[in-house]
$ cat query.cif   # mmCIF, C-alpha atoms
data_query
#
loop_
_atom_site.label_atom_id
_atom_site.label_comp_id
_atom_site.auth_asym_id
_atom_site.auth_seq_id
_atom_site.Cartn_x
_atom_site.Cartn_y
_atom_site.Cartn_z
CA ASP A 1 40.11 -94.03 -1.19
CA ALA A 2 37.77 -91.29 -2.30
CA ALA A 3 36.36 -89.08 0.43
CA PRO A 4 32.73 -89.81 1.24
CA ALA A 5 30.24 -87.47 -0.36
CA SER A 6 28.85 -84.82 1.99
CA ASP A 7 25.13 -84.31 2.47
CA ALA A 8 25.65 -80.61 3.29
CA PRO A 9 24.33 -78.17 0.69
CA PRO A 10 26.96 -76.30 -1.32
CA LEU A 11 27.99 -72.90 0.05
CA LEU A 12 26.26 -70.06 -1.75
CA ALA A 13 27.76 -66.64 -2.19
CA GLN A 14 26.10 -64.14 0.13
CA PRO A 15 24.40 -61.28 -1.69
CA ALA A 16 26.14 -57.95 -1.33
CA ALA A 17 24.68 -55.58 1.23
CA PRO A 18 22.55 -52.84 -0.34
CA GLU A 19 24.54 -49.67 -0.93
CA PRO A 20 23.43 -46.31 0.50
CA PRO A 21 21.90 -44.29 -2.34
CA GLU A 22 23.67 -40.95 -1.80
CA PRO A 23 26.83 -41.64 -3.87
CA ALA A 24 24.67 -42.62 -6.83
CA LEU A 25 22.53 -39.49 -6.38
CA LEU A 26 25.60 -37.27 -6.23
CA ALA A 27 26.83 -38.92 -9.42
CA ARG A 28 23.50 -38.06 -11.05
CA LEU A 29 23.99 -34.45 -9.96
CA GLU A 30 27.41 -34.39 -11.62
CA ALA A 31 25.87 -35.93 -14.74
CA LYS A 32 23.12 -33.28 -14.65
CA THR A 33 20.32 -35.83 -14.63
CA LEU A 34 18.65 -34.38 -11.52
CA PRO A 35 16.27 -31.39 -11.71
CA ALA A 36 17.93 -27.99 -12.05
CA ASP A 37 17.16 -26.90 -8.48
CA PHE A 38 19.48 -29.58 -7.02
CA ILE A 39 22.82 -28.31 -5.70
CA LYS A 40 25.77 -29.79 -3.81
CA LEU A 41 26.72 -28.54 -0.35
CA GLY A 42 29.44 -29.68 2.05
CA GLY A 43 32.36 -29.20 -0.34
CA ASP A 44 34.35 -32.14 -1.67
CA THR A 45 35.08 -33.71 1.73
CA LYS A 46 31.51 -34.39 2.89
CA PRO A 47 29.25 -33.57 -0.05
CA PHE A 48 25.48 -33.87 0.21
CA LEU A 49 22.51 -32.88 -1.89
CA ALA A 50 20.16 -29.96 -1.40
CA ARG A 51 17.46 -28.20 -3.40
CA TYR A 52 17.44 -24.42 -3.61
CA ALA A 53 15.10 -21.82 -5.05
CA ALA A 54 15.91 -18.16 -4.48
CA SER A 55 13.31 -15.53 -3.73
CA ALA A 56 11.74 -14.18 -6.90
CA LYS A 57 11.74 -10.70 -5.39
CA PRO A 58 14.85 -8.47 -5.34
CA GLU A 59 14.69 -8.17 -1.55
CA ALA A 60 13.89 -11.49 0.08
CA ARG A 61 11.44 -11.49 2.96
CA GLY A 62 13.24 -14.46 4.43
CA ALA A 63 14.24 -18.07 3.92
CA VAL A 64 12.74 -21.46 4.79
CA LEU A 65 15.03 -24.42 5.45
CA PHE A 66 13.42 -27.87 5.11
CA LEU A 67 14.71 -31.00 6.85
CA PRO A 68 12.89 -34.12 5.57
CA ALA A 69 11.80 -37.05 7.68
CA PRO A 70 14.56 -39.68 8.16
CA GLY A 71 14.94 -41.84 5.08
CA ARG A 72 13.02 -39.46 2.82
CA PHE A 73 14.67 -38.30 -0.40
CA ILE A 74 14.14 -34.58 -0.94
CA GLY A 75 13.36 -35.26 -4.59
CA ASP A 76 10.35 -37.37 -3.58
CA ASP A 77 8.95 -35.11 -0.85
CA PRO A 78 5.70 -33.46 -2.04
CA VAL A 79 5.65 -30.87 0.77
CA ILE A 80 9.11 -29.67 -0.24
CA ALA A 81 8.02 -29.63 -3.91
CA ALA A 82 5.01 -27.49 -3.00
CA ALA A 83 7.17 -25.08 -1.01
CA LEU A 84 9.69 -24.73 -3.86
CA ASP A 85 6.78 -23.97 -6.17
CA LEU A 86 4.81 -21.53 -4.00
CA LEU A 87 7.13 -19.67 -1.63
CA PRO A 88 9.74 -17.95 -3.87
CA ALA A 89 7.08 -15.85 -5.63
CA GLY A 90 6.15 -14.32 -2.28
CA GLY A 91 9.73 -13.33 -1.48
CA TRP A 92 10.87 -16.45 0.38
CA SER A 93 13.97 -18.43 -0.55
CA VAL A 94 13.65 -22.19 -0.01
CA LEU A 95 16.47 -24.62 0.80
CA ALA A 96 15.83 -28.33 1.37
CA VAL A 97 18.79 -30.20 2.90
CA GLN A 98 19.16 -33.91 2.28
CA THR A 99 19.64 -35.62 5.62
CA PRO A 100 21.66 -38.88 5.53
CA LEU A 101 20.12 -41.71 3.51
CA LEU A 102 20.87 -45.29 4.50
CA ALA A 103 20.27 -48.37 2.38
CA ALA A 104 16.63 -49.04 1.59
CA THR A 105 16.63 -52.11 3.85
CA ALA A 106 17.86 -50.18 6.91
CA PRO A 107 15.33 -50.02 9.78
CA LEU A 108 14.24 -46.59 10.95
CA ALA A 109 16.05 -47.14 14.27
CA ASP A 110 19.40 -47.10 12.42
CA TYR A 111 18.91 -43.43 11.61
CA ALA A 112 19.62 -42.50 15.22
CA ALA A 113 23.30 -43.03 14.43
CA THR A 114 23.10 -40.32 11.75
CA ASP A 115 21.87 -37.54 14.06
CA ALA A 116 25.25 -35.78 14.34
CA GLU A 117 25.77 -35.80 10.58
CA ALA A 118 22.21 -34.58 10.00
CA LEU A 119 22.78 -31.66 12.41
CA ALA A 120 26.05 -30.79 10.67
CA ARG A 121 24.21 -30.70 7.34
CA ALA A 122 21.47 -28.49 8.77
CA LYS A 123 24.11 -26.04 9.99
CA ALA A 124 25.80 -26.11 6.57
CA GLY A 125 22.43 -25.28 5.03
CA LEU A 126 22.04 -22.29 7.33
CA GLU A 127 25.56 -21.18 6.42
CA HIS A 128 24.66 -21.42 2.73
CA LEU A 129 21.62 -19.20 3.29
CA ALA A 130 23.77 -16.68 5.16
CA LYS A 131 26.08 -16.44 2.13
CA GLN A 132 23.16 -15.56 -0.11
CA GLN A 133 21.25 -12.31 0.25
CA THR A 134 21.01 -12.09 4.04
CA PRO A 135 17.35 -12.84 4.83
CA PRO A 136 15.64 -10.96 7.64
CA ALA A 137 13.96 -14.14 8.85
CA VAL A 138 14.84 -17.85 8.73
CA VAL A 139 12.31 -20.58 9.48
CA VAL A 140 13.54 -24.16 9.96
CA VAL A 141 10.99 -26.87 9.10
CA GLY A 142 11.28 -30.43 10.40
CA GLN A 143 9.03 -33.39 9.68
CA ALA A 144 8.40 -36.36 11.99
CA ARG A 145 11.66 -37.38 13.70
CA SER A 146 13.46 -34.47 12.02
CA VAL A 147 11.51 -32.03 14.20
CA ALA A 148 14.07 -32.72 16.95
CA LEU A 149 16.79 -31.93 14.40
CA ALA A 150 15.09 -28.64 13.48
CA LEU A 151 14.83 -27.65 17.15
CA ALA A 152 18.50 -28.51 17.73
CA ALA A 153 19.63 -26.56 14.67
CA ALA A 154 17.54 -23.57 15.70
CA LYS A 155 18.98 -23.63 19.21
CA GLU A 156 22.56 -23.59 17.95
CA ALA A 157 22.14 -21.06 15.13
CA GLY A 158 21.50 -17.46 16.05
CA GLN A 159 19.98 -16.49 12.70
CA VAL A 160 16.96 -18.81 13.05
CA THR A 161 13.75 -16.85 13.66
CA ALA A 162 11.21 -19.68 14.09
CA VAL A 163 10.55 -23.41 13.72
CA ALA A 164 7.72 -25.24 11.96
CA ALA A 165 7.03 -28.85 12.97
CA ILE A 166 5.13 -31.22 10.68
CA GLY A 167 3.71 -34.11 12.67
CA PRO A 168 3.75 -36.74 13.87
CA TRP A 169 6.45 -35.86 16.41
CA GLN A 170 6.96 -36.67 20.08
CA GLU A 171 9.50 -34.22 21.49
CA PRO A 172 8.46 -31.79 24.25
CA LEU A 173 8.58 -28.07 23.57
CA GLY A 174 11.57 -27.47 25.81
CA ASP A 175 12.44 -24.08 27.20
CA ASP A 176 13.30 -22.30 23.94
CA ASN A 177 11.03 -19.32 23.29
CA LEU A 178 11.34 -19.34 19.51
CA PRO A 179 7.97 -19.11 17.72
CA LEU A 180 6.80 -22.56 16.68
CA LEU A 181 4.13 -23.67 14.23
CA ASP A 182 2.83 -27.14 15.20
CA LEU A 183 1.18 -28.79 12.16
CA VAL A 184 -0.74 -31.90 13.16
CA PRO A 185 -2.87 -34.33 11.09
CA ASP A 186 -6.15 -34.87 12.94
CA ARG A 187 -6.57 -38.50 11.82
CA ASP A 188 -3.65 -39.57 14.03
CA PRO A 189 -5.23 -39.65 17.52
CA ALA A 190 -1.92 -40.23 19.33
CA ASP A 191 -0.23 -37.26 17.67
CA LEU A 192 -3.29 -35.08 18.22
CA GLU A 193 -3.15 -35.96 21.92
CA ARG A 194 0.54 -35.07 22.11
CA ALA A 195 -0.13 -31.79 20.30
CA THR A 196 -2.87 -30.91 22.78
CA ALA A 197 -0.39 -31.51 25.61
CA ARG A 198 2.16 -29.25 23.87
CA ARG A 199 -0.44 -26.50 23.50
CA GLN A 200 -1.27 -26.76 27.20
CA GLN A 201 2.45 -26.63 28.04
CA ALA A 202 2.83 -23.52 25.86
CA SER A 203 -0.15 -21.91 27.55
CA ARG A 204 1.24 -22.56 31.03
CA ALA A 205 4.62 -21.18 29.99
CA LYS A 206 2.96 -18.15 28.33
CA ARG A 207 4.67 -18.91 25.01
CA VAL A 208 2.84 -16.47 22.78
CA GLY A 209 4.80 -17.62 19.72
CA TYR A 210 3.38 -21.15 19.79
CA LYS A 211 0.65 -21.88 17.24
CA LEU A 212 -1.17 -25.21 16.83
CA ALA A 213 -2.61 -25.86 13.35
CA VAL A 214 -4.73 -29.01 13.03
CA LEU A 215 -4.98 -30.36 9.48
CA ALA A 216 -8.59 -31.54 9.34
CA GLY A 217 -8.95 -34.78 7.40
CA ALA A 218 -5.20 -35.42 7.07
CA ASP A 219 -3.41 -38.59 8.14
CA VAL A 220 0.32 -39.07 8.65
CA ARG A 221 0.91 -39.36 4.89
CA LEU A 222 -0.41 -35.78 4.37
CA VAL A 223 -1.56 -36.69 0.85
CA GLY A 224 -3.48 -33.81 -0.67
CA PHE A 225 -2.35 -31.34 2.02
CA GLU A 226 1.06 -30.45 0.60
CA GLN A 227 0.11 -27.01 -0.76
CA ASP A 228 -1.98 -26.24 2.32
CA ILE A 229 1.05 -26.95 4.52
CA ALA A 230 3.31 -24.76 2.36
CA ARG A 231 0.78 -21.90 2.53
CA ARG A 232 0.42 -22.26 6.30
CA ILE A 233 4.21 -22.10 6.73
CA ARG A 234 4.31 -18.99 4.53
CA GLY A 235 1.50 -17.32 6.49
CA PHE A 236 3.19 -18.17 9.78
CA ALA A 237 6.51 -16.76 8.55
CA GLU A 238 4.93 -13.57 7.22
CA HIS A 239 3.42 -12.76 10.62
CA LEU A 240 6.52 -13.35 12.71
CA PRO A 241 7.73 -10.44 14.82
CA PRO A 242 10.78 -8.72 13.34
CA PRO A 243 14.09 -10.22 14.51
CA ALA A 244 15.58 -8.50 17.52
CA THR A 245 18.50 -6.25 16.70
CA THR A 246 21.43 -5.80 18.99
CA ALA A 247 22.84 -2.29 19.33
CA PRO A 248 26.59 -2.12 18.63
CA PRO A 249 28.79 -1.55 21.68
CA PRO A 250 29.84 2.05 22.26
CA ASP A 251 33.09 3.17 20.65
CA PRO A 252 35.61 3.71 23.48
CA SER A 253 37.59 6.22 21.41
CA ALA A 254 34.45 8.30 20.82
CA ALA A 255 33.68 8.26 24.55
CA ASP A 256 37.25 9.35 25.37
CA ALA A 257 37.04 12.15 22.84
CA ALA A 258 33.76 13.37 24.30
CA ALA A 259 35.22 13.30 27.79
CA ALA A 260 38.27 15.22 26.63
CA GLY A 261 36.06 17.88 25.09
CA LYS A 262 34.48 18.57 28.45
CA LEU A 263 37.81 19.23 30.11
#

$ encode --input "query.cif" --output "structure tokens"
Amino acid sequence: DAAPASDAPPLLAQPAAPEPPEPALLARLEAKTLPADFIKLGGDTKPFLARYAASAKPEARGAVLFLPAPGRFIGDDPVIAAALDLLPAGGWSVLAVQTPLLAATAPLADYAATDAEALARAKAGLEHLAKQQTPPAVVVVGQARSVALALAAAKEAGQVTAVAAIGPWQEPLGDDNLPLLDLVPDRDPADLERATARRQQASRAKRVGYKLAVLAGADVRLVGFEQDIARRIRGFAEHLPPPATTAPPPDPSAADAAAAGKL
């Protein structure tokens, strides 16, 4: 006898999970279909994208390292585009590091699992800058949740001179005394309140390097404020105190020779 027909619907093939976009972007880099300022960092084992523009002056005043908000492609970030356009002419090299990109359907919470990789990329970016003309000052810029990444990278890398934070962000200032530029859109009341608390904390701690800059009329999208932000970062960097220099330890052989001469 024939088996009775089933009322269950036929099984449908499940659609493939969306692929993370970075392999395809790296392939575009190899095919030279990305803009000319895109480069590859991380070697062949853990490659990732970055954008780099060297100082237009023979002696660079410094370098600015950008870390985009989680999930943001550095090729679509208008603040980074403005910085690449404006800062090199004033003697500042600009490097934007691509933090890990998940599939477009991934919720923002999933990016917490990429923190270690993002920090490793930030450090690789700082190493790349160190291999170029050694800049006298390095400013690390983080946006939104990447502000915490910028603060962590600055804490672990001795060559970082200052941090710039583009809001909204929620982290406390911590006990690091690095100069910090706190850029806050004034149409986000919650972020403005947090920034006011950070300014009060800096005042109590006598952190003279903290500077709050409120972007009047801006919301969290920062549309129309991209060049203003780039100029504010440049102005902040240009007025930083010179990096502290450490005197080399005395030469023991020279000290022994001097002592012998007195005998």

$ resolve_selection --input "query.cif" --expression "the PyMOL selection byres ((chain A and resi 79-93) around 7)" --output "list in words"
Ala53, Ala54, Ser55, Ala56, Lys57, Ala60, Arg61, Gly62, Ala63, Val64, Asp77, Pro78, Val94, Leu95, Glu226, Gln227, Ala230 and Arg234 of chain A

$ closest_residue --input "query.cif" --among "A:Glu127, A:Glu22, A:Asp219, A:Asp228" --to "Arg187 of chain A" --atoms "only C-alpha atoms"
A:Asp219

$ residues_around --input "query.cif" --residues "segment 235-238 of chain A" --least-positions-apart "2" --cutoff "12 Å" --atoms "only C-alpha atoms" --output "PDB file with C-alpha atoms, in the frame of the given file"
ATOM      1  CA  ALA A  60      13.890 -11.490   0.080  1.00  0.00           C
ATOM      2  CA  ARG A  61      11.440 -11.490   2.960  1.00  0.00           C
ATOM      3  CA  GLY A  62      13.240 -14.460   4.430  1.00  0.00           C
ATOM      4  CA  ALA A  63      14.240 -18.070   3.920  1.00  0.00           C
ATOM      5  CA  VAL A  64      12.740 -21.460   4.790  1.00  0.00           C
ATOM      6  CA  LEU A  65      15.030 -24.420   5.450  1.00  0.00           C
ATOM      7  CA  LEU A  86       4.810 -21.530  -4.000  1.00  0.00           C
ATOM      8  CA  LEU A  87       7.130 -19.670  -1.630  1.00  0.00           C
ATOM      9  CA  GLY A  90       6.150 -14.320  -2.280  1.00  0.00           C
ATOM     10  CA  GLY A  91       9.730 -13.330  -1.480  1.00  0.00           C
ATOM     11  CA  TRP A  92      10.870 -16.450   0.380  1.00  0.00           C
ATOM     12  CA  SER A  93      13.970 -18.430  -0.550  1.00  0.00           C
ATOM     13  CA  PRO A 136      15.640 -10.960   7.640  1.00  0.00           C
ATOM     14  CA  ALA A 137      13.960 -14.140   8.850  1.00  0.00           C
ATOM     15  CA  VAL A 138      14.840 -17.850   8.730  1.00  0.00           C
ATOM     16  CA  VAL A 139      12.310 -20.580   9.480  1.00  0.00           C
ATOM     17  CA  VAL A 140      13.540 -24.160   9.960  1.00  0.00           C
ATOM     18  CA  VAL A 141      10.990 -26.870   9.100  1.00  0.00           C
ATOM     19  CA  VAL A 160      16.960 -18.810  13.050  1.00  0.00           C
ATOM     20  CA  THR A 161      13.750 -16.850  13.660  1.00  0.00           C
ATOM     21  CA  ALA A 162      11.210 -19.680  14.090  1.00  0.00           C
ATOM     22  CA  VAL A 163      10.550 -23.410  13.720  1.00  0.00           C
ATOM     23  CA  ALA A 164       7.720 -25.240  11.960  1.00  0.00           C
ATOM     24  CA  ALA A 165       7.030 -28.850  12.970  1.00  0.00           C
ATOM     25  CA  PRO A 179       7.970 -19.110  17.720  1.00  0.00           C
ATOM     26  CA  LEU A 180       6.800 -22.560  16.680  1.00  0.00           C
ATOM     27  CA  LEU A 181       4.130 -23.670  14.230  1.00  0.00           C
ATOM     28  CA  ASP A 182       2.830 -27.140  15.200  1.00  0.00           C
ATOM     29  CA  LEU A 183       1.180 -28.790  12.160  1.00  0.00           C
ATOM     30  CA  GLY A 209       4.800 -17.620  19.720  1.00  0.00           C
ATOM     31  CA  TYR A 210       3.380 -21.150  19.790  1.00  0.00           C
ATOM     32  CA  LYS A 211       0.650 -21.880  17.240  1.00  0.00           C
ATOM     33  CA  LEU A 212      -1.170 -25.210  16.830  1.00  0.00           C
ATOM     34  CA  ALA A 213      -2.610 -25.860  13.350  1.00  0.00           C
ATOM     35  CA  ASP A 228      -1.980 -26.240   2.320  1.00  0.00           C
ATOM     36  CA  ILE A 229       1.050 -26.950   4.520  1.00  0.00           C
ATOM     37  CA  ALA A 230       3.310 -24.760   2.360  1.00  0.00           C
ATOM     38  CA  ARG A 231       0.780 -21.900   2.530  1.00  0.00           C
ATOM     39  CA  ARG A 232       0.420 -22.260   6.300  1.00  0.00           C
ATOM     40  CA  ILE A 233       4.210 -22.100   6.730  1.00  0.00           C
ATOM     41  CA  LEU A 240       6.520 -13.350  12.710  1.00  0.00           C
ATOM     42  CA  PRO A 241       7.730 -10.440  14.820  1.00  0.00           C
ATOM     43  CA  PRO A 242      10.780  -8.720  13.340  1.00  0.00           C
ATOM     44  CA  PRO A 243      14.090 -10.220  14.510  1.00  0.00           C
TER      45      PRO A 243
END

$ residues_around --input "query.cif" --residues "Leu67 of chain A" --least-positions-apart "3" --cutoff "12 Å" --atoms "all atoms listed in the file" --output "MDAnalysis selection string"
chainID A and resid 49:51 64 70:74 77 79:80 94:100 118:123 125:126 139:154 163:166

$ atom_distance --input "query.cif" --atom1 "atom CA of Ala116 of chain A" --atom2 "atom CA of Leu29 of chain A"
24.4 Å

$ atom_distance --input "query.cif" --atom1 "atom CA of Leu26 of chain A" --atom2 "atom CA of Ile39 of chain A"
9.4 Å

$ atom_distance --input "query.cif" --atom1 "atom CA of Leu178 of chain A" --atom2 "atom CA of Arg204 of chain A"
15.7 Å

$ decode --input "query.cif" --residues "segment 181-193 of chain A" --atoms "all heavy atoms" --output "PDB file, in the first residue's frame"
ATOM      1  N   LEU A 181      40.181  65.285  24.427  1.00  0.00           N
ATOM      2  CA  LEU A 181      39.191  66.170  23.822  1.00  0.00           C
ATOM      3  C   LEU A 181      37.865  65.429  23.761  1.00  0.00           C
ATOM      4  O   LEU A 181      37.758  64.384  23.123  1.00  0.00           O
ATOM      5  CB  LEU A 181      39.630  66.583  22.418  1.00  0.00           C
ATOM      6  CG  LEU A 181      38.632  67.418  21.610  1.00  0.00           C
ATOM      7  CD1 LEU A 181      38.365  68.759  22.281  1.00  0.00           C
ATOM      8  CD2 LEU A 181      39.133  67.610  20.173  1.00  0.00           C
ATOM      9  N   ASP A 182      36.856  65.958  24.439  1.00  0.00           N
ATOM     10  CA  ASP A 182      35.535  65.324  24.555  1.00  0.00           C
ATOM     11  C   ASP A 182      34.559  66.063  23.651  1.00  0.00           C
ATOM     12  O   ASP A 182      34.076  67.152  23.985  1.00  0.00           O
ATOM     13  CB  ASP A 182      35.087  65.395  26.030  1.00  0.00           C
ATOM     14  CG  ASP A 182      33.972  64.421  26.347  1.00  0.00           C
ATOM     15  OD1 ASP A 182      33.390  63.856  25.416  1.00  0.00           O
ATOM     16  OD2 ASP A 182      33.680  64.229  27.548  1.00  0.00           O
ATOM     17  N   LEU A 183      34.277  65.504  22.472  1.00  0.00           N
ATOM     18  CA  LEU A 183      33.396  66.129  21.482  1.00  0.00           C
ATOM     19  C   LEU A 183      31.986  65.568  21.627  1.00  0.00           C
ATOM     20  O   LEU A 183      31.764  64.372  21.441  1.00  0.00           O
ATOM     21  CB  LEU A 183      33.932  65.863  20.075  1.00  0.00           C
ATOM     22  CG  LEU A 183      35.266  66.547  19.727  1.00  0.00           C
ATOM     23  CD1 LEU A 183      36.008  65.762  18.666  1.00  0.00           C
ATOM     24  CD2 LEU A 183      35.013  67.967  19.261  1.00  0.00           C
ATOM     25  N   VAL A 184      31.037  66.445  21.944  1.00  0.00           N
ATOM     26  CA  VAL A 184      29.692  65.988  22.312  1.00  0.00           C
ATOM     27  C   VAL A 184      28.637  66.733  21.505  1.00  0.00           C
ATOM     28  O   VAL A 184      28.633  67.973  21.481  1.00  0.00           O
ATOM     29  CB  VAL A 184      29.436  66.217  23.819  1.00  0.00           C
ATOM     30  CG1 VAL A 184      28.058  65.712  24.208  1.00  0.00           C
ATOM     31  CG2 VAL A 184      30.503  65.533  24.651  1.00  0.00           C
ATOM     32  N   PRO A 185      27.717  66.018  20.830  1.00  0.00           N
ATOM     33  CA  PRO A 185      26.594  66.691  20.168  1.00  0.00           C
ATOM     34  C   PRO A 185      25.583  67.175  21.201  1.00  0.00           C
ATOM     35  O   PRO A 185      25.194  66.422  22.091  1.00  0.00           O
ATOM     36  CB  PRO A 185      26.004  65.595  19.270  1.00  0.00           C
ATOM     37  CG  PRO A 185      26.408  64.312  19.921  1.00  0.00           C
ATOM     38  CD  PRO A 185      27.715  64.557  20.607  1.00  0.00           C
ATOM     39  N   ASP A 186      25.145  68.426  21.091  1.00  0.00           N
ATOM     40  CA  ASP A 186      24.287  68.982  22.151  1.00  0.00           C
ATOM     41  C   ASP A 186      22.819  68.601  22.002  1.00  0.00           C
ATOM     42  O   ASP A 186      22.017  68.875  22.886  1.00  0.00           O
ATOM     43  CB  ASP A 186      24.442  70.503  22.231  1.00  0.00           C
ATOM     44  CG  ASP A 186      23.697  71.250  21.119  1.00  0.00           C
ATOM     45  OD1 ASP A 186      23.384  70.629  20.078  1.00  0.00           O
ATOM     46  OD2 ASP A 186      23.452  72.460  21.283  1.00  0.00           O
ATOM     47  N   ARG A 187      22.459  67.932  20.896  1.00  0.00           N
ATOM     48  CA  ARG A 187      21.065  67.512  20.732  1.00  0.00           C
ATOM     49  C   ARG A 187      20.826  66.107  21.264  1.00  0.00           C
ATOM     50  O   ARG A 187      19.761  65.533  21.056  1.00  0.00           O
ATOM     51  CB  ARG A 187      20.666  67.624  19.256  1.00  0.00           C
ATOM     52  CG  ARG A 187      20.604  69.078  18.777  1.00  0.00           C
ATOM     53  CD  ARG A 187      20.316  69.191  17.303  1.00  0.00           C
ATOM     54  NE  ARG A 187      19.010  68.630  16.960  1.00  0.00           N
ATOM     55  CZ  ARG A 187      18.534  68.550  15.725  1.00  0.00           C
ATOM     56  NH1 ARG A 187      19.278  68.975  14.708  1.00  0.00           N
ATOM     57  NH2 ARG A 187      17.346  68.039  15.489  1.00  0.00           N
ATOM     58  N   ASP A 188      21.803  65.547  21.963  1.00  0.00           N
ATOM     59  CA  ASP A 188      21.638  64.269  22.657  1.00  0.00           C
ATOM     60  C   ASP A 188      21.705  64.557  24.158  1.00  0.00           C
ATOM     61  O   ASP A 188      22.793  64.614  24.728  1.00  0.00           O
ATOM     62  CB  ASP A 188      22.739  63.304  22.234  1.00  0.00           C
ATOM     63  CG  ASP A 188      22.598  61.923  22.881  1.00  0.00           C
ATOM     64  OD1 ASP A 188      21.751  61.780  23.787  1.00  0.00           O
ATOM     65  OD2 ASP A 188      23.325  61.003  22.505  1.00  0.00           O
ATOM     66  N   PRO A 189      20.546  64.788  24.813  1.00  0.00           N
ATOM     67  CA  PRO A 189      20.563  65.205  26.221  1.00  0.00           C
ATOM     68  C   PRO A 189      21.293  64.233  27.135  1.00  0.00           C
ATOM     69  O   PRO A 189      22.013  64.654  28.045  1.00  0.00           O
ATOM     70  CB  PRO A 189      19.078  65.304  26.586  1.00  0.00           C
ATOM     71  CG  PRO A 189      18.368  65.485  25.275  1.00  0.00           C
ATOM     72  CD  PRO A 189      19.174  64.707  24.285  1.00  0.00           C
ATOM     73  N   ALA A 190      21.132  62.921  26.891  1.00  0.00           N
ATOM     74  CA  ALA A 190      21.782  61.937  27.763  1.00  0.00           C
ATOM     75  C   ALA A 190      23.293  62.036  27.656  1.00  0.00           C
ATOM     76  O   ALA A 190      24.008  62.007  28.668  1.00  0.00           O
ATOM     77  CB  ALA A 190      21.303  60.530  27.412  1.00  0.00           C
ATOM     78  N   ASP A 191      23.808  62.172  26.436  1.00  0.00           N
ATOM     79  CA  ASP A 191      25.257  62.261  26.278  1.00  0.00           C
ATOM     80  C   ASP A 191      25.781  63.581  26.829  1.00  0.00           C
ATOM     81  O   ASP A 191      26.875  63.634  27.401  1.00  0.00           O
ATOM     82  CB  ASP A 191      25.635  62.117  24.805  1.00  0.00           C
ATOM     83  CG  ASP A 191      27.117  61.824  24.622  1.00  0.00           C
ATOM     84  OD1 ASP A 191      27.661  61.024  25.412  1.00  0.00           O
ATOM     85  OD2 ASP A 191      27.732  62.390  23.711  1.00  0.00           O
ATOM     86  N   LEU A 192      25.015  64.640  26.670  1.00  0.00           N
ATOM     87  CA  LEU A 192      25.426  65.936  27.210  1.00  0.00           C
ATOM     88  C   LEU A 192      25.503  65.872  28.733  1.00  0.00           C
ATOM     89  O   LEU A 192      26.420  66.438  29.344  1.00  0.00           O
ATOM     90  CB  LEU A 192      24.440  67.014  26.760  1.00  0.00           C
ATOM     91  CG  LEU A 192      24.903  68.463  26.868  1.00  0.00           C
ATOM     92  CD1 LEU A 192      26.191  68.684  26.103  1.00  0.00           C
ATOM     93  CD2 LEU A 192      23.814  69.400  26.364  1.00  0.00           C
ATOM     94  N   GLU A 193      24.563  65.158  29.345  1.00  0.00           N
ATOM     95  CA  GLU A 193      24.594  64.992  30.801  1.00  0.00           C
ATOM     96  C   GLU A 193      25.819  64.192  31.236  1.00  0.00           C
ATOM     97  O   GLU A 193      26.488  64.533  32.223  1.00  0.00           O
ATOM     98  CB  GLU A 193      23.311  64.301  31.259  1.00  0.00           C
ATOM     99  CG  GLU A 193      23.203  64.134  32.775  1.00  0.00           C
ATOM    100  CD  GLU A 193      21.898  63.488  33.192  1.00  0.00           C
ATOM    101  OE1 GLU A 193      20.989  63.367  32.344  1.00  0.00           O
ATOM    102  OE2 GLU A 193      21.788  63.101  34.370  1.00  0.00           O
TER     103      GLU A 193
END
